>>> print(open('input-v1.cif').read())   # mmCIF, C-alpha atoms
data_query
#
loop_
_atom_site.label_atom_id
_atom_site.label_comp_id
_atom_site.auth_asym_id
_atom_site.auth_seq_id
_atom_site.Cartn_x
_atom_site.Cartn_y
_atom_site.Cartn_z
CA MET G 1 -120.07 -223.08 -57.52
CA VAL G 2 -118.97 -219.99 -59.44
CA ARG G 3 -120.12 -216.40 -59.06
CA LEU G 4 -119.43 -212.81 -60.06
CA GLN G 5 -120.50 -210.38 -57.38
CA GLY G 6 -120.44 -206.68 -56.62
CA ASP G 7 -120.63 -207.18 -52.85
CA PRO G 8 -117.61 -207.99 -50.66
CA ILE G 9 -116.45 -211.62 -50.66
CA ARG G 10 -116.86 -213.43 -47.34
CA ALA G 11 -114.23 -216.17 -47.34
CA GLU G 12 -115.68 -217.91 -44.26
CA ASP G 13 -118.94 -218.52 -46.15
CA LEU G 14 -117.05 -220.19 -49.00
CA ILE G 15 -115.30 -222.57 -46.62
CA VAL G 16 -118.68 -223.64 -45.22
CA GLU G 17 -120.06 -223.99 -48.76
CA VAL G 18 -117.36 -226.37 -50.01
CA ARG G 19 -116.54 -228.46 -46.93
CA GLY G 20 -118.24 -231.80 -46.36
CA ASP G 21 -117.77 -234.39 -43.62
CA GLY G 22 -115.77 -236.60 -45.98
CA ASP G 23 -113.19 -233.84 -46.46
CA GLY G 24 -110.01 -233.54 -44.45
CA ALA G 25 -108.73 -230.42 -46.18
CA VAL G 26 -109.93 -227.06 -47.42
CA ALA G 27 -107.52 -224.90 -49.43
CA LEU G 28 -108.38 -221.21 -49.71
CA PHE G 29 -106.79 -218.65 -52.02
CA LEU G 30 -107.61 -214.95 -51.73
CA GLY G 31 -106.43 -212.36 -54.23
CA THR G 32 -106.29 -208.91 -52.64
CA VAL G 33 -105.85 -205.40 -54.01
CA ARG G 34 -102.32 -204.16 -53.31
CA ASN G 35 -101.30 -200.54 -52.93
CA HIS G 36 -98.57 -200.55 -55.58
CA ASN G 37 -98.04 -201.81 -59.12
CA ALA G 38 -95.24 -201.21 -61.64
CA GLY G 39 -93.75 -198.50 -59.44
CA ARG G 40 -97.09 -196.67 -59.11
CA ARG G 41 -99.05 -195.95 -55.96
CA VAL G 42 -102.43 -197.60 -56.56
CA LEU G 43 -105.52 -195.75 -55.29
CA TYR G 44 -108.16 -198.33 -56.23
CA LEU G 45 -109.09 -200.84 -58.95
CA GLU G 46 -112.18 -201.30 -61.08
CA TYR G 47 -112.97 -204.83 -62.29
CA HIS G 48 -115.00 -205.28 -65.47
CA ALA G 49 -116.27 -208.70 -66.54
CA TYR G 50 -118.05 -210.15 -69.55
CA PRO G 51 -121.11 -211.42 -67.68
CA GLY G 52 -122.27 -214.81 -68.88
CA MET G 53 -119.00 -215.75 -70.53
CA ALA G 54 -116.99 -215.13 -67.35
CA GLU G 55 -119.18 -217.54 -65.38
CA ARG G 56 -119.04 -220.05 -68.22
CA GLU G 57 -115.22 -220.02 -68.21
CA MET G 58 -115.15 -220.24 -64.42
CA GLU G 59 -117.45 -223.29 -64.58
CA ARG G 60 -115.15 -224.89 -67.12
CA ILE G 61 -112.21 -224.43 -64.74
CA GLU G 62 -114.28 -225.76 -61.83
CA HIS G 63 -115.12 -228.94 -63.76
CA ASP G 64 -111.57 -229.39 -65.10
CA ALA G 65 -110.08 -229.01 -61.62
CA ALA G 66 -112.58 -231.38 -60.00
CA LYS G 67 -111.88 -234.03 -62.62
CA ARG G 68 -108.11 -233.56 -62.73
CA TYR G 69 -107.46 -233.45 -58.98
CA GLY G 70 -110.45 -235.30 -57.54
CA ALA G 71 -111.56 -232.36 -55.42
CA SER G 72 -114.88 -232.78 -53.64
CA ARG G 73 -116.21 -229.27 -54.15
CA ILE G 74 -114.85 -226.00 -55.54
CA ALA G 75 -116.02 -222.42 -55.13
CA ILE G 76 -114.75 -219.61 -57.37
CA VAL G 77 -115.96 -216.06 -56.71
CA HIS G 78 -114.76 -212.88 -58.41
CA ARG G 79 -115.65 -209.30 -57.53
CA THR G 80 -116.69 -206.67 -60.05
CA GLY G 81 -116.83 -202.89 -59.75
CA ARG G 82 -114.65 -200.63 -57.62
CA LEU G 83 -112.35 -202.24 -55.05
CA GLU G 84 -110.24 -200.43 -52.48
CA VAL G 85 -106.73 -201.44 -51.43
CA GLY G 86 -106.90 -204.50 -49.17
CA GLU G 87 -110.21 -205.81 -50.48
CA VAL G 88 -110.55 -209.39 -51.73
CA SER G 89 -110.92 -209.40 -55.53
CA VAL G 90 -111.07 -213.18 -56.04
CA ALA G 91 -111.51 -216.22 -53.81
CA VAL G 92 -111.00 -219.90 -54.56
CA ALA G 93 -111.98 -222.55 -52.01
CA VAL G 94 -111.39 -226.25 -52.63
CA ALA G 95 -112.35 -229.13 -50.35
CA SER G 96 -110.97 -232.65 -50.71
CA PRO G 97 -110.37 -235.73 -48.58
CA HIS G 98 -106.60 -235.04 -48.38
CA ARG G 99 -104.51 -231.88 -48.57
CA ALA G 100 -102.59 -232.47 -51.80
CA GLU G 101 -105.70 -232.53 -54.01
CA ALA G 102 -107.06 -229.35 -52.41
CA THR G 103 -103.84 -227.32 -52.64
CA ASP G 104 -102.99 -228.51 -56.17
CA ALA G 105 -106.52 -227.86 -57.44
CA CYS G 106 -106.58 -224.42 -55.80
CA ARG G 107 -103.34 -223.45 -57.55
CA PHE G 108 -104.63 -224.77 -60.87
CA VAL G 109 -107.89 -222.81 -60.55
CA ILE G 110 -106.33 -219.42 -59.82
CA ASP G 111 -103.57 -219.83 -62.42
CA THR G 112 -106.08 -220.82 -65.13
CA LEU G 113 -108.58 -218.12 -64.13
CA LYS G 114 -105.95 -215.45 -64.65
CA LYS G 115 -105.34 -216.70 -68.19
CA THR G 116 -108.81 -217.47 -69.51
CA VAL G 117 -111.67 -215.78 -67.63
CA PRO G 118 -112.82 -212.58 -69.39
CA ILE G 119 -112.31 -210.08 -66.57
CA TRP G 120 -110.16 -206.94 -66.71
CA LYS G 121 -108.87 -204.53 -64.15
CA LYS G 122 -108.54 -200.81 -64.57
CA GLU G 123 -105.97 -199.36 -62.21
CA TYR G 124 -106.41 -195.86 -60.81
CA PHE G 125 -103.20 -194.38 -59.46
CA GLU G 126 -101.94 -190.95 -58.49
CA GLY G 127 -102.01 -189.00 -61.73
CA GLY G 128 -103.98 -191.30 -64.02
CA ALA G 129 -105.52 -194.65 -64.88
CA VAL G 130 -104.56 -197.63 -67.06
CA TRP G 131 -106.25 -200.77 -68.25
CA ILE G 132 -104.20 -203.79 -67.24
CA GLU G 133 -104.31 -206.19 -70.19
CA GLY G 134 -102.26 -209.33 -69.82
CA GLY G 135 -98.93 -208.02 -68.58
CA GLU G 136 -99.26 -204.72 -70.45
CA ASP G 137 -100.60 -201.30 -69.48
CA THR G 138 -102.90 -199.54 -71.93
CA PRO G 139 -103.56 -195.84 -71.35
CA ALA G 140 -107.15 -195.24 -70.25
CA GLY G 141 -109.24 -192.18 -70.99
CA MET Y 1 -127.63 -210.61 -91.33
CA LYS Y 2 -127.06 -208.54 -88.22
CA ILE Y 3 -124.98 -209.54 -85.23
CA GLU Y 4 -124.26 -207.91 -81.91
CA VAL Y 5 -120.63 -206.92 -81.36
CA ARG Y 6 -119.32 -206.33 -77.84
CA TYR Y 7 -116.09 -204.62 -76.83
CA PHE Y 8 -114.28 -204.80 -73.53
CA ALA Y 9 -111.70 -202.89 -71.51
CA SER Y 10 -109.45 -200.60 -73.60
CA LEU Y 11 -111.30 -201.51 -76.82
CA VAL Y 12 -114.31 -199.55 -75.55
CA GLU Y 13 -112.11 -196.46 -75.45
CA HIS Y 14 -111.36 -196.93 -79.16
CA THR Y 15 -114.96 -197.49 -80.23
CA GLY Y 16 -116.85 -195.29 -77.78
CA VAL Y 17 -119.49 -198.03 -77.43
CA GLU Y 18 -119.67 -201.28 -75.48
CA VAL Y 19 -122.09 -202.95 -77.86
CA GLU Y 20 -123.38 -202.30 -81.35
CA SER Y 21 -125.30 -204.04 -84.10
CA VAL Y 22 -123.33 -204.75 -87.28
CA GLU Y 23 -124.45 -205.99 -90.68
CA VAL Y 24 -122.28 -208.83 -91.96
CA ALA Y 25 -122.24 -210.56 -95.34
CA PRO Y 26 -122.83 -214.26 -95.92
CA GLY Y 27 -119.50 -216.06 -95.73
CA ASP Y 28 -117.93 -213.50 -93.38
CA ASP Y 29 -115.65 -214.83 -90.68
CA VAL Y 30 -114.31 -213.07 -87.58
CA THR Y 31 -111.44 -211.56 -89.58
CA ALA Y 32 -113.85 -210.06 -92.14
CA LEU Y 33 -115.97 -208.64 -89.32
CA TRP Y 34 -112.91 -207.07 -87.69
CA ASP Y 35 -111.97 -205.43 -91.01
CA ARG Y 36 -115.46 -203.88 -91.16
CA LEU Y 37 -115.13 -202.67 -87.58
CA VAL Y 38 -111.73 -201.07 -88.20
CA LYS Y 39 -113.31 -199.07 -91.07
CA ARG Y 40 -116.06 -197.94 -88.70
CA HIS Y 41 -113.68 -197.23 -85.79
CA PRO Y 42 -110.23 -196.44 -87.27
CA LYS Y 43 -108.64 -196.37 -83.79
CA LEU Y 44 -109.17 -200.13 -83.57
CA GLY Y 45 -106.53 -200.44 -86.27
CA GLU Y 46 -103.96 -198.80 -84.02
CA ILE Y 47 -104.11 -201.15 -81.04
CA GLY Y 48 -100.86 -202.88 -80.24
CA PHE Y 49 -102.29 -206.37 -79.71
CA HIS Y 50 -104.44 -208.96 -81.40
CA PRO Y 51 -107.66 -209.32 -79.38
CA MET Y 52 -109.20 -212.69 -78.63
CA ALA Y 53 -112.58 -213.32 -80.21
CA ALA Y 54 -115.59 -215.03 -78.65
CA CYS Y 55 -118.63 -216.18 -80.60
CA ASP Y 56 -121.77 -216.57 -78.47
CA MET Y 57 -119.57 -216.55 -75.35
CA GLU Y 58 -117.11 -219.24 -76.47
CA TYR Y 59 -113.53 -218.46 -77.49
CA ALA Y 60 -113.24 -218.75 -81.26
CA GLY Y 61 -110.52 -218.58 -83.89
CA TRP Y 62 -110.42 -215.62 -86.26
CA ASP Y 63 -111.30 -217.97 -89.11
CA ARG Y 64 -114.60 -218.88 -87.44
CA ALA Y 65 -117.54 -218.40 -89.85
CA LEU Y 66 -120.27 -216.12 -88.50
CA GLU Y 67 -123.17 -218.13 -89.95
CA GLY Y 68 -125.63 -218.68 -87.10
CA VAL Y 69 -123.65 -216.58 -84.62
CA LYS Y 70 -125.67 -213.99 -82.67
CA GLU Y 71 -122.94 -212.23 -80.69
CA VAL Y 72 -119.23 -211.67 -81.24
CA ALA Y 73 -117.04 -210.18 -78.52
CA PHE Y 74 -113.51 -208.83 -78.85
CA LEU Y 75 -111.44 -209.34 -75.74
CA PRO Y 76 -108.09 -207.77 -74.83
CA PRO Y 77 -105.70 -210.04 -72.90
CA VAL Y 78 -107.52 -210.73 -69.62
CA SER Y 79 -106.33 -209.46 -66.25
CA GLY Y 80 -108.68 -210.82 -63.60
CA GLY Y 81 -107.47 -212.18 -60.28
#
>>> encode(input="input-v1.cif", output="structure tokens")
Amino acid sequence: MVRLQGDPIRAEDLIVEVRGDGDGAVALFLGTVRNHNAGRRVLYLEYHAYPGMAEREMERIEHDAAKRYGASRIAIVHRTGRLEVGEVSVAVAVASPHRAEATDACRFVIDTLKKTVPIWKKEYFEGGAVWIEGGEDTPAG
Amino acid sequence: MKIEVRYFASLVEHTGVEVESVEVAPGDDVTALWDRLVKRHPKLGEIGFHPMAACDMEYAGWDRALEGVKEVAFLPPVSGG
């Protein structure tokens, strides 16, 4: 299951969504908005996605991870819009019969998502804003 | 033929639009389209990176022919997560 959503992510719901009675493990990764970046004090972030393509790339990762690691079920949810410090921006939940598949698949999903899913963050800090693009900052108007 | 072109993140600041309709010539590939767009929006020529291209929501090489393509998107390096 993959989803972009404007509303807050409820991690407990994802755990219930992925876990089945044949599973002995659920791995959960939460990305959260931190209050500092590159020496700047972050006020809030804005996430922009390419709707349609973002879900398509997330589904590709879901299928690759399920096949590669033998996970039972995978949920990938990413927020869009304005997020305050401390909010969950992305959640990955993976259920599997044993812990290694779940933790390995979870790591694979978040690492791949950060490289391929068309989503960008715009960082608002004291005194300005920048687009974060890859590892670079691009001045924002 | 006309195709829809979409821009994301900092590219929107260089074009002033998120989406626009662009006339392309038969035989054009993504590179030829980009050259047309840089003429229309000179600031695109000043960006310090090579954007990724997507044709109809699939990543595509810059040598991808536009025949049959409805939508091309130009994507700065992604930063989700």
>>> closest_atom_pairs(input="input-v1.cif", of="chain Y", to="chain G", cutoff="12 Å", atoms="only C-alpha atoms", output="Markdown table")
| residue | atom | partner | partner_atom | distance |
| --- | --- | --- | --- | --- |
| Y:Arg6 | CA | G:Tyr50 | CA | 9.2 |
| Y:Tyr7 | CA | G:Tyr50 | CA | 9.3 |
| Y:Phe8 | CA | G:Tyr50 | CA | 7.7 |
| Y:Ala9 | CA | G:Trp120 | CA | 6.5 |
| Y:Ser10 | CA | G:Trp131 | CA | 6.2 |
| Y:Leu11 | CA | G:Thr138 | CA | 9.9 |
| Y:Val12 | CA | G:Ala140 | CA | 9.9 |
| Y:Glu13 | CA | G:Gly141 | CA | 6.8 |
| Y:His14 | CA | G:Gly141 | CA | 9.7 |
| Y:Gly16 | CA | G:Gly141 | CA | 10.7 |
| Y:Glu18 | CA | G:Tyr50 | CA | 10.8 |
| Y:Val19 | CA | G:Tyr50 | CA | 11.7 |
| Y:Ile47 | CA | G:Thr138 | CA | 9.3 |
| Y:Gly48 | CA | G:Thr138 | CA | 9.2 |
| Y:Phe49 | CA | G:Glu133 | CA | 9.7 |
| Y:His50 | CA | G:Glu133 | CA | 11.5 |
| Y:Pro51 | CA | G:Glu133 | CA | 10.3 |
| Y:Met52 | CA | G:Pro118 | CA | 9.9 |
| Y:Ala53 | CA | G:Pro118 | CA | 10.8 |
| Y:Ala54 | CA | G:Met53 | CA | 8.8 |
| Y:Cys55 | CA | G:Met53 | CA | 10.1 |
| Y:Asp56 | CA | G:Met53 | CA | 8.4 |
| Y:Met57 | CA | G:Met53 | CA | 4.9 |
| Y:Glu58 | CA | G:Met53 | CA | 7.1 |
| Y:Tyr59 | CA | G:Met53 | CA | 9.3 |
| Y:Glu71 | CA | G:Met53 | CA | 11.5 |
| Y:Val72 | CA | G:Met53 | CA | 11.5 |
| Y:Ala73 | CA | G:Tyr50 | CA | 9.0 |
| Y:Phe74 | CA | G:Pro118 | CA | 10.2 |
| Y:Leu75 | CA | G:Pro118 | CA | 7.3 |
| Y:Pro76 | CA | G:Glu133 | CA | 6.2 |
| Y:Pro77 | CA | G:Gly134 | CA | 4.7 |
| Y:Val78 | CA | G:Gly134 | CA | 5.4 |
| Y:Ser79 | CA | G:Trp120 | CA | 4.6 |
| Y:Gly80 | CA | G:Ile119 | CA | 4.7 |
| Y:Gly81 | CA | G:Val90 | CA | 5.7 |
>>> resolve_selection(input="input-v1.cif", expression="the PyMOL selection byres ((chain G and resi 106) around 12)", output="number ranges by chain")
G: 25-30, 61-62, 64-66, 68-76, 91-96, 99-105, 107-113
>>> atom_distance(input="input-v1.cif", atom1="atom CA of Val2 of chain G", atom2="atom CA of Gly81 of chain G")
17.2 Å
>>> resolve_selection(input="input-v1.cif", expression="the PyMOL selection byres ((chain Y and resi 31-37) around 10)", output="NGL selection string")
:Y and (3 or 5 or 15 or 22-25 or 27-30 or 38-45 or 53 or 61-66 or 72 or 74)
>>> resolve_selection(input="input-v1.cif", expression="the PyMOL selection byres ((chain G and resi 34-43) around 8)", output="PyMOL selection string")
chain G and resi 32-33+44-45+84-86+123-126
